[in-house]
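J.: Below you'll find data-v3.csv; it's CSV, C-alpha atoms.
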chain,number,residue,atom,x,y,z
A,386,MET,CA,14.2,-2.9,-6.4
A,387,SER,CA,11.7,-3.8,-9.1
A,388,ARG,CA,8.6,-1.8,-9.9
A,389,TYR,CA,5.4,-2.9,-11.5
A,390,TYR,CA,2.2,-0.9,-12.5
A,391,LEU,CA,-1.3,-2.4,-12.1
A,392,ASN,CA,-3.4,-0.1,-14.2
A,393,ASN,CA,-7.1,0.9,-13.5
A,394,PHE,CA,-6.9,-0.2,-9.9
A,395,TYR,CA,-10.0,1.8,-8.8
A,396,VAL,CA,-13.8,2.1,-8.6
A,397,GLY,CA,-15.5,1.5,-12.0
A,398,LYS,CA,-12.8,-0.8,-13.2
A,399,ILE,CA,-12.3,-3.2,-10.3
A,400,PRO,CA,-14.7,-3.7,-7.3
A,401,ILE,CA,-13.3,-2.8,-3.9
A,402,GLU,CA,-13.6,-6.4,-2.8
A,403,GLU,CA,-11.2,-7.5,-5.6
A,404,ARG,CA,-8.8,-4.7,-4.8
A,405,ILE,CA,-8.6,-5.8,-1.2
A,406,LYS,CA,-8.1,-9.5,-2.3
A,407,ILE,CA,-5.2,-8.4,-4.5
A,408,MET,CA,-3.6,-6.4,-1.7
A,409,LEU,CA,-4.0,-9.4,0.7
A,410,SER,CA,-2.3,-11.6,-1.9
A,411,PHE,CA,1.0,-10.0,-1.1
A,412,LEU,CA,0.8,-11.5,2.5
A,413,GLU,CA,1.9,-14.8,3.7
A,414,GLN,CA,0.8,-16.1,7.2
A,415,GLY,CA,2.3,-13.8,9.9
A,416,ASP,CA,3.2,-10.9,7.5
A,417,SER,CA,2.1,-7.4,8.4
A,418,LEU,CA,0.3,-4.9,6.2
A,419,LEU,CA,1.1,-1.4,7.5
A,420,PHE,CA,-0.6,1.8,6.3
A,421,PHE,CA,0.6,5.2,7.5
A,422,HIS,CA,-0.4,8.7,8.2
A,423,THR,CA,1.8,11.6,9.3
A,424,LYS,CA,1.4,12.2,13.0
A,425,ASP,CA,0.3,15.8,12.2
A,426,HIS,CA,-2.4,14.7,9.8
A,427,LEU,CA,-3.6,12.0,12.3
A,428,GLU,CA,-3.8,14.6,15.1
A,429,LYS,CA,-5.3,17.5,13.2
A,430,HIS,CA,-7.4,16.1,10.3
A,431,CYS,CA,-8.6,12.6,11.2
A,432,THR,CA,-12.1,12.2,12.7
A,433,HIS,CA,-12.6,10.8,16.1
A,434,GLN,CA,-13.8,7.6,14.5
A,435,GLU,CA,-10.7,7.3,12.3
A,436,LYS,CA,-8.4,7.9,15.3
A,437,ALA,CA,-10.3,5.2,17.2
A,438,PHE,CA,-9.6,2.8,14.3
A,439,ILE,CA,-5.9,3.7,13.8
A,440,GLN,CA,-4.6,4.3,17.3
A,441,PRO,CA,-5.0,0.7,18.7
A,442,ARG,CA,-3.3,-0.6,15.6
A,443,ILE,CA,-0.2,1.5,15.7
A,444,LYS,CA,3.0,-0.6,15.4
A,445,PHE,CA,5.7,2.0,14.6
A,446,ILE,CA,6.1,5.7,14.9
A,447,ASN,CA,9.2,6.9,13.1
A,448,ASN,CA,10.9,9.2,10.6
A,449,GLU,CA,12.3,6.4,8.6
A,450,TRP,CA,12.1,7.0,4.8
A,451,VAL,CA,11.1,3.6,3.3
A,452,PHE,CA,9.6,4.8,0.1
A,453,PRO,CA,11.4,4.0,-3.2
A,454,TRP,CA,11.0,7.5,-4.6
A,455,GLY,CA,13.8,9.9,-3.8
A,456,THR,CA,15.1,10.6,-0.4
A,457,GLN,CA,13.5,13.1,1.9
A,458,PRO,CA,14.1,13.8,5.5
A,459,LEU,CA,11.0,13.4,7.6
A,460,GLN,CA,12.2,15.6,10.5
A,461,LYS,CA,8.9,17.4,10.6
A,462,ASN,CA,6.7,14.6,9.3
A,463,THR,CA,6.8,11.8,11.8
A,464,LEU,CA,5.0,8.8,10.4
A,465,VAL,CA,2.5,6.7,12.3
A,466,TRP,CA,2.4,3.1,10.9
A,467,TYR,CA,-0.6,1.0,11.8
A,468,GLN,CA,-1.3,-2.6,11.0
A,469,VAL,CA,-4.5,-3.9,9.5
A,470,ILE,CA,-5.5,-7.5,9.6
A,471,GLY,CA,-8.0,-9.1,7.2
A,472,PHE,CA,-10.5,-7.9,4.7
A,473,ASN,CA,-12.6,-5.6,6.9
A,474,GLU,CA,-9.7,-3.7,8.3
A,475,VAL,CA,-8.2,-3.1,4.9
A,476,MET,CA,-11.6,-1.8,3.7
A,477,GLU,CA,-11.8,0.5,6.7
A,478,SER,CA,-8.3,1.8,6.0
A,479,LEU,CA,-9.1,2.4,2.4
A,480,GLY,CA,-12.2,4.4,3.5
A,481,ILE,CA,-9.9,6.6,5.5
A,482,ASN,CA,-7.4,7.2,2.7
A,483,ASN,CA,-8.2,5.9,-0.7
A,484,LEU,CA,-5.0,7.2,-2.2
A,485,PHE,CA,-2.8,5.1,0.0
A,486,THR,CA,0.7,3.9,0.5
A,487,CYS,CA,1.4,0.8,2.6
A,488,ILE,CA,4.2,-1.6,3.2
A,489,ILE,CA,4.4,-5.4,3.7
A,490,VAL,CA,6.7,-6.6,6.5
A,491,GLN,CA,7.4,-10.3,6.4
A,492,LYS,CA,6.9,-12.4,9.5
A,493,ASN,CA,9.8,-12.0,12.0
A,494,ASP,CA,11.4,-9.3,9.9
A,495,GLU,CA,12.4,-5.7,10.8
A,496,PHE,CA,10.5,-2.6,9.6
A,497,LYS,CA,13.4,-1.4,7.5
A,498,ASN,CA,13.4,-4.8,5.7
A,499,HIS,CA,9.9,-4.5,4.3
A,500,SER,CA,9.3,-6.6,1.2
A,501,TYR,CA,6.9,-4.4,-0.7
A,502,VAL,CA,5.6,-0.8,-1.0
A,503,LEU,CA,2.2,-0.5,-2.5
A,504,SER,CA,0.9,2.9,-3.6
A,505,LEU,CA,-2.3,3.9,-5.3
A,506,ARG,CA,-1.6,7.0,-7.4
A,507,GLU,CA,-3.5,8.9,-10.0
A,508,SER,CA,-2.1,8.7,-13.6
A,509,VAL,CA,-3.1,10.6,-16.7
A,510,ASP,CA,-6.4,8.8,-17.2
A,511,SER,CA,-6.8,6.2,-14.4
A,512,PHE,CA,-5.5,5.1,-11.0
A,513,VAL,CA,-2.5,2.8,-10.9
A,514,LEU,CA,-1.3,0.5,-8.1
A,515,ILE,CA,2.5,1.0,-8.0
A,516,ILE,CA,4.2,-2.2,-6.7
A,517,ASP,CA,7.7,-1.8,-5.5
A,518,GLU,CA,9.3,-5.1,-4.7
A,519,LYS,CA,12.4,-5.4,-2.6
A,520,ARG,CA,13.1,-9.1,-3.1
A,521,LYS,CA,13.7,-9.5,-6.8
A,522,GLY,CA,11.4,-12.0,-8.5
A,523,ASP,CA,9.0,-12.5,-5.6
A,524,PHE,CA,6.2,-10.6,-7.2
A,525,MET,CA,6.4,-12.5,-10.5
A,526,SER,CA,6.8,-16.0,-8.9
A,527,ARG,CA,4.6,-15.7,-5.8
A,528,VAL,CA,2.1,-12.9,-6.1
A,529,LEU,CA,1.3,-12.5,-9.8
A,530,PRO,CA,-0.1,-16.1,-10.1
A,531,LYS,CA,-2.5,-15.3,-7.2
A,532,ILE,CA,-3.8,-12.1,-8.7
A,533,LYS,CA,-4.0,-12.8,-12.5
A,534,CYS,CA,-7.6,-14.0,-12.0
A,535,TYR,CA,-8.6,-10.4,-11.3
A,536,PHE,CA,-7.1,-9.0,-14.5
A,537,THR,CA,-9.3,-7.8,-17.3
A,538,GLU,CA,-8.8,-5.9,-20.6
A,539,ASP,CA,-8.5,-2.8,-18.5
A,540,VAL,CA,-7.1,-4.1,-15.2
A,541,LYS,CA,-3.6,-5.4,-16.0
A,542,LEU,CA,0.1,-4.9,-15.6
A,543,ALA,CA,1.2,-1.9,-17.7
A,544,SER,CA,4.5,-0.3,-18.6
A,545,ILE,CA,5.5,3.2,-17.4
A,546,GLU,CA,4.9,4.4,-21.0
A,547,GLU,CA,1.2,3.2,-20.8
A,548,ILE,CA,0.7,4.9,-17.5
A,549,LEU,CA,2.4,8.2,-18.3
A,550,PRO,CA,2.3,8.7,-22.1
Write out the structure in this file as structure tokens.
T.:
Amino acid sequence: MSRYYLNNFYVGKIPIEERIKIMLSFLEQGDSLLFFHTKDHLEKHCTHQEKAFIQPRIKFINNEWVFPWGTQPLQKNTLVWYQVIGFNEVMESLGINNLFTCIIVQKNDEFKNHSYVLSLRESVDSFVLIIDEKRKGDFMSRVLPKIKCYFTEDVKLASIEEILP
């Protein structure tokens, strides 16, 4: 699995509309963009409005660890994965959880064979979109050409050393 870092992926550096367009650039027709919450968090901490948005979009409820960082059992943290389609639903989901993790599942593929994990995390002095690619070379050949137009002096691919000096 290859990992890339898109630095300054947050308000003030890149408008939300451009962030959403970048995220949607990972999809091809028929692919799924799935965000998650733990079942416990959804039940206890989400507002009625957030639940009304998430619940009809639920595609998977599981304990499957798909994240590229470490291995942790999810016995007590069942994950609720919900699919968002299009610009407005991505915006709604980011409003629910702006420090997100989501996966891309290609059309007609299984959950466990997701092609990307996208995570927005806080770094030392900014926010970084961490892109974990499962299919080596796909990001550089298919996605990067679509998103380069959103890069600036501040918003660009960075090395781990630039993110965590």
J.: I want to know what sits within 9 Å of segment 473-478 of chain A, based on all atoms listed in the file, with residues of the same chain fewer than 3 positions away left out; could you give that as a list in words?
T.: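 The residues satisfying every condition are Ile401, Glu402, Ile405, Met408, Leu409, Leu418, Phe420, Glu435, Phe438, Ile439, Gln468, Val469, Ile470, Ile481, Asn482, Asn483 and Phe485 of chain A.
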J.: Considering all atoms listed in the file, return as a list of chain:residue names whatever protein or nucleic-acid residues lie within 7 Å of segment 520-534 of chain A, sequence-local ones (same chain, fewer than 6 positions apart) excluded.
T.: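 Near segment 520-534 of chain A, the qualifying residues are A:Met386, A:Ser387, A:Ile407, A:Ser410, A:Phe411, A:Ser500.
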J.: Between A:Lys424, A:Val451, A:Val513, A:Tyr390, which residue has the minimum interatomic distance to Asn498 of chain A, considering all atoms listed in the file?
T.: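 Smallest distance to Asn498 of chain A is found for A:Val451.
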J.: Would you mind telling me which residue in A:Arg404, A:His430, A:Lys541, A:Lys497 lies nearest to Leu479 of chain A when using all atoms listed in the file?
T.: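 Distance minimum relative to Leu479 of chain A lands on A:Arg404.
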J.: Which residues come within 9 Å of Cys487 of chain A, counting all atoms listed in the file, excluding same-chain residues fewer than 2 positions away, as a PDB file with C-alpha atoms, keeping the file's coordinate frame?
T.:
ATOM      1  CA  LEU A 418       0.300  -4.900   6.200  1.00  0.00           C
ATOM      2  CA  LEU A 419       1.100  -1.400   7.500  1.00  0.00           C
ATOM      3  CA  PHE A 420      -0.600   1.800   6.300  1.00  0.00           C
ATOM      4  CA  PHE A 421       0.600   5.200   7.500  1.00  0.00           C
ATOM      5  CA  TRP A 466       2.400   3.100  10.900  1.00  0.00           C
ATOM      6  CA  PHE A 485      -2.800   5.100   0.000  1.00  0.00           C
ATOM      7  CA  ILE A 489       4.400  -5.400   3.700  1.00  0.00           C
ATOM      8  CA  TYR A 501       6.900  -4.400  -0.700  1.00  0.00           C
ATOM      9  CA  VAL A 502       5.600  -0.800  -1.000  1.00  0.00           C
ATOM     10  CA  LEU A 503       2.200  -0.500  -2.500  1.00  0.00           C
ATOM     11  CA  SER A 504       0.900   2.900  -3.600  1.00  0.00           C
TER      12      SER A 504
END
J.: Please rebuild segment 427-450 of chain A with N, CA, C and O atoms and return the result as a compact mmCIF listing (two decimals), keeping the file's coordinate frame.
T.:
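Generated file (out-v7.txt):
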# COMPACT_ATOMS: atom_id res chain seq x y z
N LEU A 427 -2.81 12.85 11.39
CA LEU A 427 -3.60 12.00 12.30
C LEU A 427 -4.22 12.90 13.41
O LEU A 427 -5.41 12.83 13.70
N GLU A 428 -3.39 13.74 14.00
CA GLU A 428 -3.80 14.60 15.10
C GLU A 428 -4.80 15.67 14.72
O GLU A 428 -5.75 15.96 15.43
N LYS A 429 -4.55 16.30 13.57
CA LYS A 429 -5.30 17.50 13.20
C LYS A 429 -6.47 17.25 12.24
O LYS A 429 -7.41 18.06 12.20
N HIS A 430 -6.39 16.19 11.43
CA HIS A 430 -7.40 16.10 10.30
C HIS A 430 -8.21 14.79 10.38
O HIS A 430 -9.23 14.73 9.68
N CYS A 431 -7.81 13.80 11.13
CA CYS A 431 -8.60 12.60 11.20
C CYS A 431 -9.77 12.76 12.15
O CYS A 431 -9.64 13.45 13.16
N THR A 432 -10.88 12.16 11.81
CA THR A 432 -12.10 12.20 12.70
C THR A 432 -11.82 11.40 13.93
O THR A 432 -10.91 10.57 13.98
N HIS A 433 -12.69 11.58 14.89
CA HIS A 433 -12.60 10.80 16.10
C HIS A 433 -12.72 9.30 15.79
O HIS A 433 -11.99 8.47 16.34
N GLN A 434 -13.61 8.96 14.88
CA GLN A 434 -13.80 7.60 14.50
C GLN A 434 -12.55 7.01 13.79
O GLN A 434 -12.16 5.86 14.05
N GLU A 435 -11.91 7.79 12.92
CA GLU A 435 -10.70 7.30 12.30
C GLU A 435 -9.57 7.13 13.27
O GLU A 435 -8.84 6.13 13.21
N LYS A 436 -9.43 8.06 14.20
CA LYS A 436 -8.40 7.90 15.30
C LYS A 436 -8.68 6.66 16.09
O LYS A 436 -7.74 5.93 16.44
N ALA A 437 -9.95 6.40 16.39
CA ALA A 437 -10.30 5.20 17.20
C ALA A 437 -9.95 3.93 16.44
O ALA A 437 -9.64 2.91 17.07
N PHE A 438 -9.98 3.96 15.12
CA PHE A 438 -9.60 2.80 14.30
C PHE A 438 -8.06 2.67 14.29
O PHE A 438 -7.51 1.58 14.46
N ILE A 439 -7.37 3.77 14.05
CA ILE A 439 -5.90 3.70 13.80
C ILE A 439 -5.13 3.53 15.12
O ILE A 439 -4.22 2.69 15.17
N GLN A 440 -5.42 4.27 16.15
CA GLN A 440 -4.60 4.30 17.30
C GLN A 440 -4.31 2.92 17.98
O GLN A 440 -3.17 2.63 18.31
N PRO A 441 -5.29 2.05 18.13
CA PRO A 441 -5.00 0.70 18.70
C PRO A 441 -4.15 -0.17 17.83
O PRO A 441 -3.61 -1.17 18.28
N ARG A 442 -4.04 0.19 16.56
CA ARG A 442 -3.30 -0.60 15.60
C ARG A 442 -1.90 -0.14 15.31
O ARG A 442 -1.19 -0.71 14.49
N ILE A 443 -1.49 0.94 15.95
CA ILE A 443 -0.20 1.50 15.70
C ILE A 443 0.93 0.54 16.09
O ILE A 443 0.94 0.02 17.20
N LYS A 444 1.85 0.31 15.16
CA LYS A 444 3.00 -0.60 15.40
C LYS A 444 4.31 0.15 15.45
O LYS A 444 5.23 -0.27 16.15
N PHE A 445 4.42 1.24 14.68
CA PHE A 445 5.70 2.00 14.60
C PHE A 445 5.35 3.48 14.50
O PHE A 445 4.41 3.86 13.80
N ILE A 446 6.14 4.30 15.15
CA ILE A 446 6.10 5.70 14.90
C ILE A 446 7.58 6.10 14.69
O ILE A 446 8.45 5.86 15.54
N ASN A 447 7.85 6.62 13.50
CA ASN A 447 9.20 6.90 13.10
C ASN A 447 9.36 7.96 12.06
O ASN A 447 8.36 8.45 11.57
N ASN A 448 10.56 8.28 11.72
CA ASN A 448 10.90 9.20 10.60
C ASN A 448 11.62 8.48 9.52
O ASN A 448 12.24 9.13 8.69
N GLU A 449 11.56 7.19 9.52
CA GLU A 449 12.30 6.40 8.60
C GLU A 449 11.73 6.47 7.17
O GLU A 449 10.55 6.18 6.97
N TRP A 450 12.54 6.87 6.21
CA TRP A 450 12.10 7.00 4.80
C TRP A 450 12.24 5.62 4.17
O TRP A 450 13.33 5.15 3.90
